[in-house]
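Okay, final-v5.cif is below, mmCIF, C-alpha atoms and all ligand atoms:
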data_data
loop_
_atom_site.label_atom_id
_atom_site.label_comp_id
_atom_site.auth_asym_id
_atom_site.auth_seq_id
_atom_site.Cartn_x
_atom_site.Cartn_y
_atom_site.Cartn_z
CA MET A 28 4.48 -29.25 -2.77
CA SER A 29 2.58 -27.40 -5.46
CA GLU A 30 0.54 -24.28 -4.98
CA HIS A 31 -2.43 -22.65 -6.58
CA ILE A 32 -4.07 -19.26 -6.29
CA ARG A 33 -7.68 -18.89 -5.14
CA VAL A 34 -9.31 -15.65 -6.27
CA LEU A 35 -10.29 -13.51 -3.29
CA LEU A 36 -11.09 -10.23 -5.07
CA SER A 37 -11.70 -10.24 -8.81
CA GLU A 38 -10.16 -7.76 -11.23
CA LYS A 39 -13.58 -6.15 -11.66
CA GLU A 40 -14.08 -5.71 -7.92
CA VAL A 41 -10.61 -4.24 -7.43
CA ASP A 42 -11.01 -1.85 -10.38
CA ALA A 43 -14.38 -0.63 -9.14
CA ARG A 44 -13.05 -0.02 -5.65
CA ILE A 45 -9.99 1.88 -6.91
CA GLN A 46 -12.28 4.04 -9.05
CA ALA A 47 -14.37 4.86 -5.95
CA ILE A 48 -11.30 5.72 -3.85
CA GLY A 49 -9.95 7.90 -6.69
CA GLU A 50 -13.24 9.82 -6.75
CA GLN A 51 -13.23 10.19 -2.97
CA ILE A 52 -9.64 11.50 -2.96
CA SER A 53 -10.48 13.92 -5.80
CA ARG A 54 -13.33 15.34 -3.68
CA ASP A 55 -11.33 15.47 -0.43
CA TYR A 56 -8.32 17.26 -1.96
CA GLU A 57 -10.26 19.62 -4.23
CA GLY A 58 -8.16 22.66 -5.20
CA LYS A 59 -4.92 20.98 -4.09
CA GLN A 60 -2.10 18.98 -5.64
CA VAL A 61 -1.78 15.46 -4.27
CA HIS A 62 1.75 14.15 -3.77
CA LEU A 63 1.58 10.35 -3.89
CA VAL A 64 4.36 8.46 -2.10
CA CYS A 65 4.58 4.85 -3.18
CA VAL A 66 6.23 2.20 -1.05
CA LEU A 67 8.00 -0.14 -3.47
CA LYS A 68 7.59 -2.68 -4.79
CA GLY A 69 4.15 -3.78 -3.63
CA GLY A 70 2.43 -0.41 -3.78
CA SER A 71 3.40 0.35 -7.36
CA PHE A 72 0.52 -1.35 -9.19
CA PHE A 73 -2.10 0.18 -6.91
CA MET A 74 -0.47 3.61 -7.09
CA CYS A 75 -0.52 3.71 -10.90
CA GLU A 76 -4.16 2.63 -11.07
CA LEU A 77 -5.15 5.09 -8.35
CA ALA A 78 -3.24 8.01 -9.89
CA LYS A 79 -5.08 7.54 -13.18
CA ARG A 80 -8.41 7.94 -11.38
CA ILE A 81 -7.57 11.11 -9.45
CA THR A 82 -8.87 14.12 -11.36
CA LEU A 83 -6.55 16.67 -9.69
CA PRO A 84 -2.89 17.57 -10.30
CA VAL A 85 -0.82 14.63 -9.03
CA SER A 86 2.92 14.27 -8.44
CA LEU A 87 4.61 10.99 -7.59
CA ASP A 88 7.61 9.79 -5.66
CA PHE A 89 8.87 6.38 -4.60
CA MET A 90 10.66 4.88 -1.65
CA SER A 91 11.82 1.43 -0.79
CA VAL A 92 12.20 0.09 2.71
CA SER A 93 13.11 -3.19 4.30
CA SER A 94 12.69 -4.52 7.81
CA TYR A 95 15.81 -5.24 9.77
CA GLY A 96 16.25 -8.87 10.74
CA LYS A 97 15.50 -12.07 8.89
CA ASP A 98 12.29 -12.83 10.76
CA THR A 99 9.29 -13.24 8.44
CA LYS A 100 7.37 -10.93 10.78
CA SER A 101 8.24 -7.28 10.28
CA SER A 102 10.32 -5.95 13.16
CA GLY A 103 9.12 -2.38 12.85
CA VAL A 104 12.67 -1.12 12.54
CA VAL A 105 12.81 0.02 8.98
CA LYS A 106 15.86 0.53 6.81
CA ILE A 107 15.47 2.95 3.92
CA VAL A 108 16.78 1.17 0.83
CA LYS A 109 15.76 3.99 -1.53
CA ASP A 110 14.72 7.37 -0.20
CA LEU A 111 12.36 9.83 -1.88
CA ASP A 112 13.85 11.96 -4.67
CA GLU A 113 12.08 15.14 -3.60
CA SER A 114 11.38 16.96 -0.35
CA ILE A 115 7.85 16.56 1.00
CA LYS A 116 7.95 19.80 3.02
CA ASP A 117 4.64 21.71 2.78
CA LYS A 118 3.15 19.13 0.39
CA ASP A 119 -0.15 17.26 0.73
CA VAL A 120 1.32 13.79 0.96
CA LEU A 121 -0.68 10.62 0.49
CA VAL A 122 1.26 7.42 1.20
CA VAL A 123 0.08 4.56 -1.02
CA GLU A 124 0.59 1.03 0.28
CA ASP A 125 -0.40 -2.42 -0.86
CA ILE A 126 -1.32 -3.87 2.53
CA VAL A 127 -1.31 -3.02 6.22
CA ASP A 128 -0.64 -6.08 8.32
CA SER A 129 0.86 -5.65 11.80
CA GLY A 130 1.21 -1.94 11.10
CA ARG A 131 4.80 -1.88 12.30
CA THR A 132 6.40 -0.82 9.02
CA LEU A 133 3.92 1.95 8.32
CA SER A 134 3.85 3.33 11.81
CA TYR A 135 7.62 3.80 11.64
CA LEU A 136 7.49 5.17 8.12
CA LEU A 137 4.70 7.65 8.81
CA GLU A 138 6.51 9.00 11.86
CA MET A 139 9.65 9.49 9.81
CA LEU A 140 7.76 11.28 7.02
CA ARG A 141 5.89 13.47 9.51
CA ASP A 142 9.24 14.75 10.80
CA ARG A 143 9.97 16.09 7.29
CA GLY A 144 7.21 18.71 7.59
CA PRO A 145 4.52 17.85 5.00
CA LYS A 146 1.45 20.12 4.98
CA SER A 147 -0.67 17.02 5.44
CA LEU A 148 0.06 13.31 5.63
CA ARG A 149 -2.48 10.60 4.96
CA LEU A 150 -2.41 6.89 4.26
CA CYS A 151 -4.18 4.92 1.55
CA THR A 152 -3.95 1.14 1.42
CA LEU A 153 -5.48 -1.29 -1.03
CA LEU A 154 -5.79 -4.03 1.59
CA ASP A 155 -6.05 -4.09 5.35
CA LYS A 156 -5.85 -7.07 7.70
CA PRO A 157 -7.25 -5.49 10.88
CA ASP A 158 -7.10 -8.77 12.83
CA ARG A 159 -3.32 -8.76 12.54
CA ARG A 160 -2.74 -5.25 13.85
CA VAL A 161 -0.08 -4.92 16.57
CA VAL A 162 0.68 -1.20 16.26
CA ASP A 163 -2.13 1.31 15.86
CA VAL A 164 -2.01 3.00 12.45
CA LYS A 165 -4.60 5.47 11.21
CA VAL A 166 -5.67 4.44 7.72
CA ASP A 167 -7.48 7.21 5.83
CA TYR A 168 -8.49 5.25 2.71
CA THR A 169 -8.91 1.46 2.59
CA GLY A 170 -9.71 -0.59 -0.48
CA PHE A 171 -10.75 -3.80 1.26
CA GLU A 172 -10.55 -5.30 4.71
CA ILE A 173 -9.52 -8.92 4.32
CA PRO A 174 -9.17 -11.89 6.67
CA ASP A 175 -5.81 -13.13 7.89
CA ALA A 176 -4.53 -15.01 4.84
CA PHE A 177 -1.41 -14.61 2.72
CA VAL A 178 -2.46 -12.80 -0.43
CA VAL A 179 -0.77 -12.09 -3.75
CA GLY A 180 -1.46 -10.09 -6.90
CA TYR A 181 -1.79 -6.40 -7.68
CA GLY A 182 1.82 -5.85 -6.64
CA LEU A 183 1.94 -8.36 -3.80
CA ASP A 184 4.34 -11.26 -4.22
CA TYR A 185 5.11 -14.71 -2.98
CA ASP A 186 8.86 -15.17 -3.39
CA GLN A 187 8.84 -12.36 -5.99
CA ARG A 188 6.17 -14.04 -8.12
CA TYR A 189 2.50 -13.22 -8.77
CA ARG A 190 2.89 -9.42 -8.50
CA ASN A 191 1.46 -9.10 -12.01
CA LEU A 192 -1.86 -10.83 -11.29
CA PRO A 193 -4.66 -8.33 -12.05
CA TYR A 194 -6.69 -9.64 -9.07
CA ILE A 195 -6.06 -10.49 -5.41
CA GLY A 196 -5.64 -14.17 -4.62
CA VAL A 197 -4.79 -16.41 -1.69
CA VAL A 198 -1.88 -18.82 -2.01
CA GLU A 199 -3.01 -22.35 -1.24
CA PHE A 200 -0.79 -25.41 -1.09
CA ASP A 201 -1.89 -28.79 -2.49
P1 LIG A 301 3.51 -4.78 8.52
O1 LIG A 301 4.65 -3.95 9.02
O2 LIG A 301 2.20 -4.03 8.44
O3 LIG A 301 3.36 -6.05 9.31
O4 LIG A 301 3.96 -5.30 7.09
C1 LIG A 301 3.45 -4.86 5.92
C2 LIG A 301 4.22 -5.52 4.79
O5 LIG A 301 4.22 -6.94 4.95
C3 LIG A 301 3.52 -5.25 3.48
O6 LIG A 301 3.96 -4.05 2.89
C4 LIG A 301 3.88 -6.49 2.68
O7 LIG A 301 5.13 -6.30 2.06
C5 LIG A 301 4.01 -7.59 3.71
N1 LIG A 301 2.78 -8.40 3.80
C6 LIG A 301 1.90 -8.44 4.81
N2 LIG A 301 0.88 -9.29 4.56
C7 LIG A 301 1.11 -9.79 3.32
C8 LIG A 301 0.38 -10.71 2.47
O8 LIG A 301 -0.69 -11.25 2.77
N3 LIG A 301 0.94 -10.97 1.26
C9 LIG A 301 2.11 -10.41 0.85
N4 LIG A 301 2.55 -10.74 -0.37
N5 LIG A 301 2.82 -9.55 1.61
C10 LIG A 301 2.32 -9.23 2.84
#

Starting from the coordinates I provided, produce the structure as structure tokens.
Ligand code: 5GP
Amino acid sequence: MSEHIRVLLSEKEVDARIQAIGEQISRDYEGKQVHLVCVLKGGSFFMCELAKRITLPVSLDFMSVSSYGKDTKSSGVVKIVKDLDESIKDKDVLVVEDIVDSGRTLSYLLEMLRDRGPKSLRLCTLLDKPDRRVVDVKVDYTGFEIPDAFVVGYGLDYDQRYRNLPYIGVVEFD
């Protein structure tokens, strides 16, 4: 079975939207330093592009998590594979994610980060699939709401491939 990628959101559309979110964040956090927390690996492309468009002091940190269990659906019980390097206590933390699907992973993650005492904690996601939501998660900044399809590109993979696509595409099988 071969596969091909259908463009869902072009590079130009994604760039323009990230620019707009960067401007919005720069207004909302005026006078503050934004501490971006990237969830690896998917969030890394979006985080770099977003950081470049924020016109305030920005610091960055990374964490990597994996769901317990071998189910393709996330279980919501999250194992920290790589924790943050720095404390987030009293910082204005903005978690940067590639996509919110069921919401299980992020709901767990946000609760865990909240317990570490940040001054503020918000969530920014490039993509949101609201139809798939199982656990309620408050998303503060959303790039695009998309239908329920498996997407790749801009950090999102299919079997570790396609992360480097500069647009968002849907995997289709021939
Ligand atoms: P959730 O806990 O919200 O169900 O899972 C979110 C995670 O599932 C994302 O961080 C991402 O790794 C993965 N995921 C959900 N939908 C997609 C998709 O359409 N494409 C890809 N590549 N990963 C997805």

Taking all atoms listed in the file into account, list the residues no farther than 7 Å from ligand LIG 301 (chain A), as an mmCIF file with C-alpha atoms, in the coordinates of the input.
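Saved to result_27.cif:
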data_model
loop_
_atom_site.group_PDB
_atom_site.id
_atom_site.type_symbol
_atom_site.label_atom_id
_atom_site.label_comp_id
_atom_site.auth_asym_id
_atom_site.auth_seq_id
_atom_site.Cartn_x
_atom_site.Cartn_y
_atom_site.Cartn_z
ATOM 1 C CA GLY A 69 4.150 -3.780 -3.630
ATOM 2 C CA LYS A 100 7.370 -10.930 10.780
ATOM 3 C CA SER A 101 8.240 -7.280 10.280
ATOM 4 C CA GLY A 103 9.120 -2.380 12.850
ATOM 5 C CA GLU A 124 0.590 1.030 0.280
ATOM 6 C CA ASP A 125 -0.400 -2.420 -0.860
ATOM 7 C CA ILE A 126 -1.320 -3.870 2.530
ATOM 8 C CA VAL A 127 -1.310 -3.020 6.220
ATOM 9 C CA ASP A 128 -0.640 -6.080 8.320
ATOM 10 C CA SER A 129 0.860 -5.650 11.800
ATOM 11 C CA GLY A 130 1.210 -1.940 11.100
ATOM 12 C CA ARG A 131 4.800 -1.880 12.300
ATOM 13 C CA THR A 132 6.400 -0.820 9.020
ATOM 14 C CA LEU A 133 3.920 1.950 8.320
ATOM 15 C CA ALA A 176 -4.530 -15.010 4.840
ATOM 16 C CA PHE A 177 -1.410 -14.610 2.720
ATOM 17 C CA VAL A 178 -2.460 -12.800 -0.430
ATOM 18 C CA VAL A 179 -0.770 -12.090 -3.750
ATOM 19 C CA LEU A 183 1.940 -8.360 -3.800
ATOM 20 C CA ASP A 184 4.340 -11.260 -4.220
ATOM 21 C CA TYR A 185 5.110 -14.710 -2.980
#

Hey, could you make a per-residue contact list for range 98-178 of chain A against range 46-65 of chain A with 8 Å as the cut-off, showing the nearest pair of atoms and its distance in Å to one decimal, counting all atoms listed in the file, sorted by chain and number, as a Markdown table?
| residue | atom | partner | partner_atom | distance |
| --- | --- | --- | --- | --- |
| A:Lys118 | CA | A:His62 | CA | 6.6 |
| A:Asp119 | CA | A:Val61 | CA | 5.6 |
| A:Val120 | CA | A:His62 | CA | 4.8 |
| A:Leu121 | CA | A:Leu63 | CA | 4.9 |
| A:Val122 | CA | A:Val64 | CA | 4.6 |
| A:Val123 | CA | A:Cys65 | CA | 5.0 |
| A:Glu124 | CA | A:Cys65 | CA | 6.5 |
| A:Tyr168 | CA | A:Ile48 | CA | 7.2 |
| A:Gly170 | CA | A:Ile48 | CA | 7.3 |

Selection file, C-alpha atoms, as an mmCIF file, in the frame of the given file:
data_model
loop_
_atom_site.group_PDB
_atom_site.id
_atom_site.type_symbol
_atom_site.label_atom_id
_atom_site.label_comp_id
_atom_site.auth_asym_id
_atom_site.auth_seq_id
_atom_site.Cartn_x
_atom_site.Cartn_y
_atom_site.Cartn_z
ATOM 1 C CA LYS A 118 3.150 19.130 0.390
ATOM 2 C CA ASP A 119 -0.150 17.260 0.730
ATOM 3 C CA VAL A 120 1.320 13.790 0.960
ATOM 4 C CA LEU A 121 -0.680 10.620 0.490
ATOM 5 C CA VAL A 122 1.260 7.420 1.200
ATOM 6 C CA VAL A 123 0.080 4.560 -1.020
ATOM 7 C CA GLU A 124 0.590 1.030 0.280
ATOM 8 C CA TYR A 168 -8.490 5.250 2.710
ATOM 9 C CA GLY A 170 -9.710 -0.590 -0.480
#

- Message: What's around Lys156 in chain A at 7 Å? Count all atoms listed in the file, leave out sequence neighbours fewer than 2 positions away in its own chain, and write the answer as JSON, numbers by chain.
- Response: {"A": [127, 128, 154, 158, 159, 172, 173, 174, 175]}

Those residues you just picked out, can you put them in a file as a tab-separated table (two decimals), in the frame of the given file with C-alpha atoms?
chain	number	residue	atom	x	y	z
A	127	VAL	CA	-1.31	-3.02	6.22
A	128	ASP	CA	-0.64	-6.08	8.32
A	154	LEU	CA	-5.79	-4.03	1.59
A	158	ASP	CA	-7.10	-8.77	12.83
A	159	ARG	CA	-3.32	-8.76	12.54
A	172	GLU	CA	-10.55	-5.30	4.71
A	173	ILE	CA	-9.52	-8.92	4.32
A	174	PRO	CA	-9.17	-11.89	6.67
A	175	ASP	CA	-5.81	-13.13	7.89
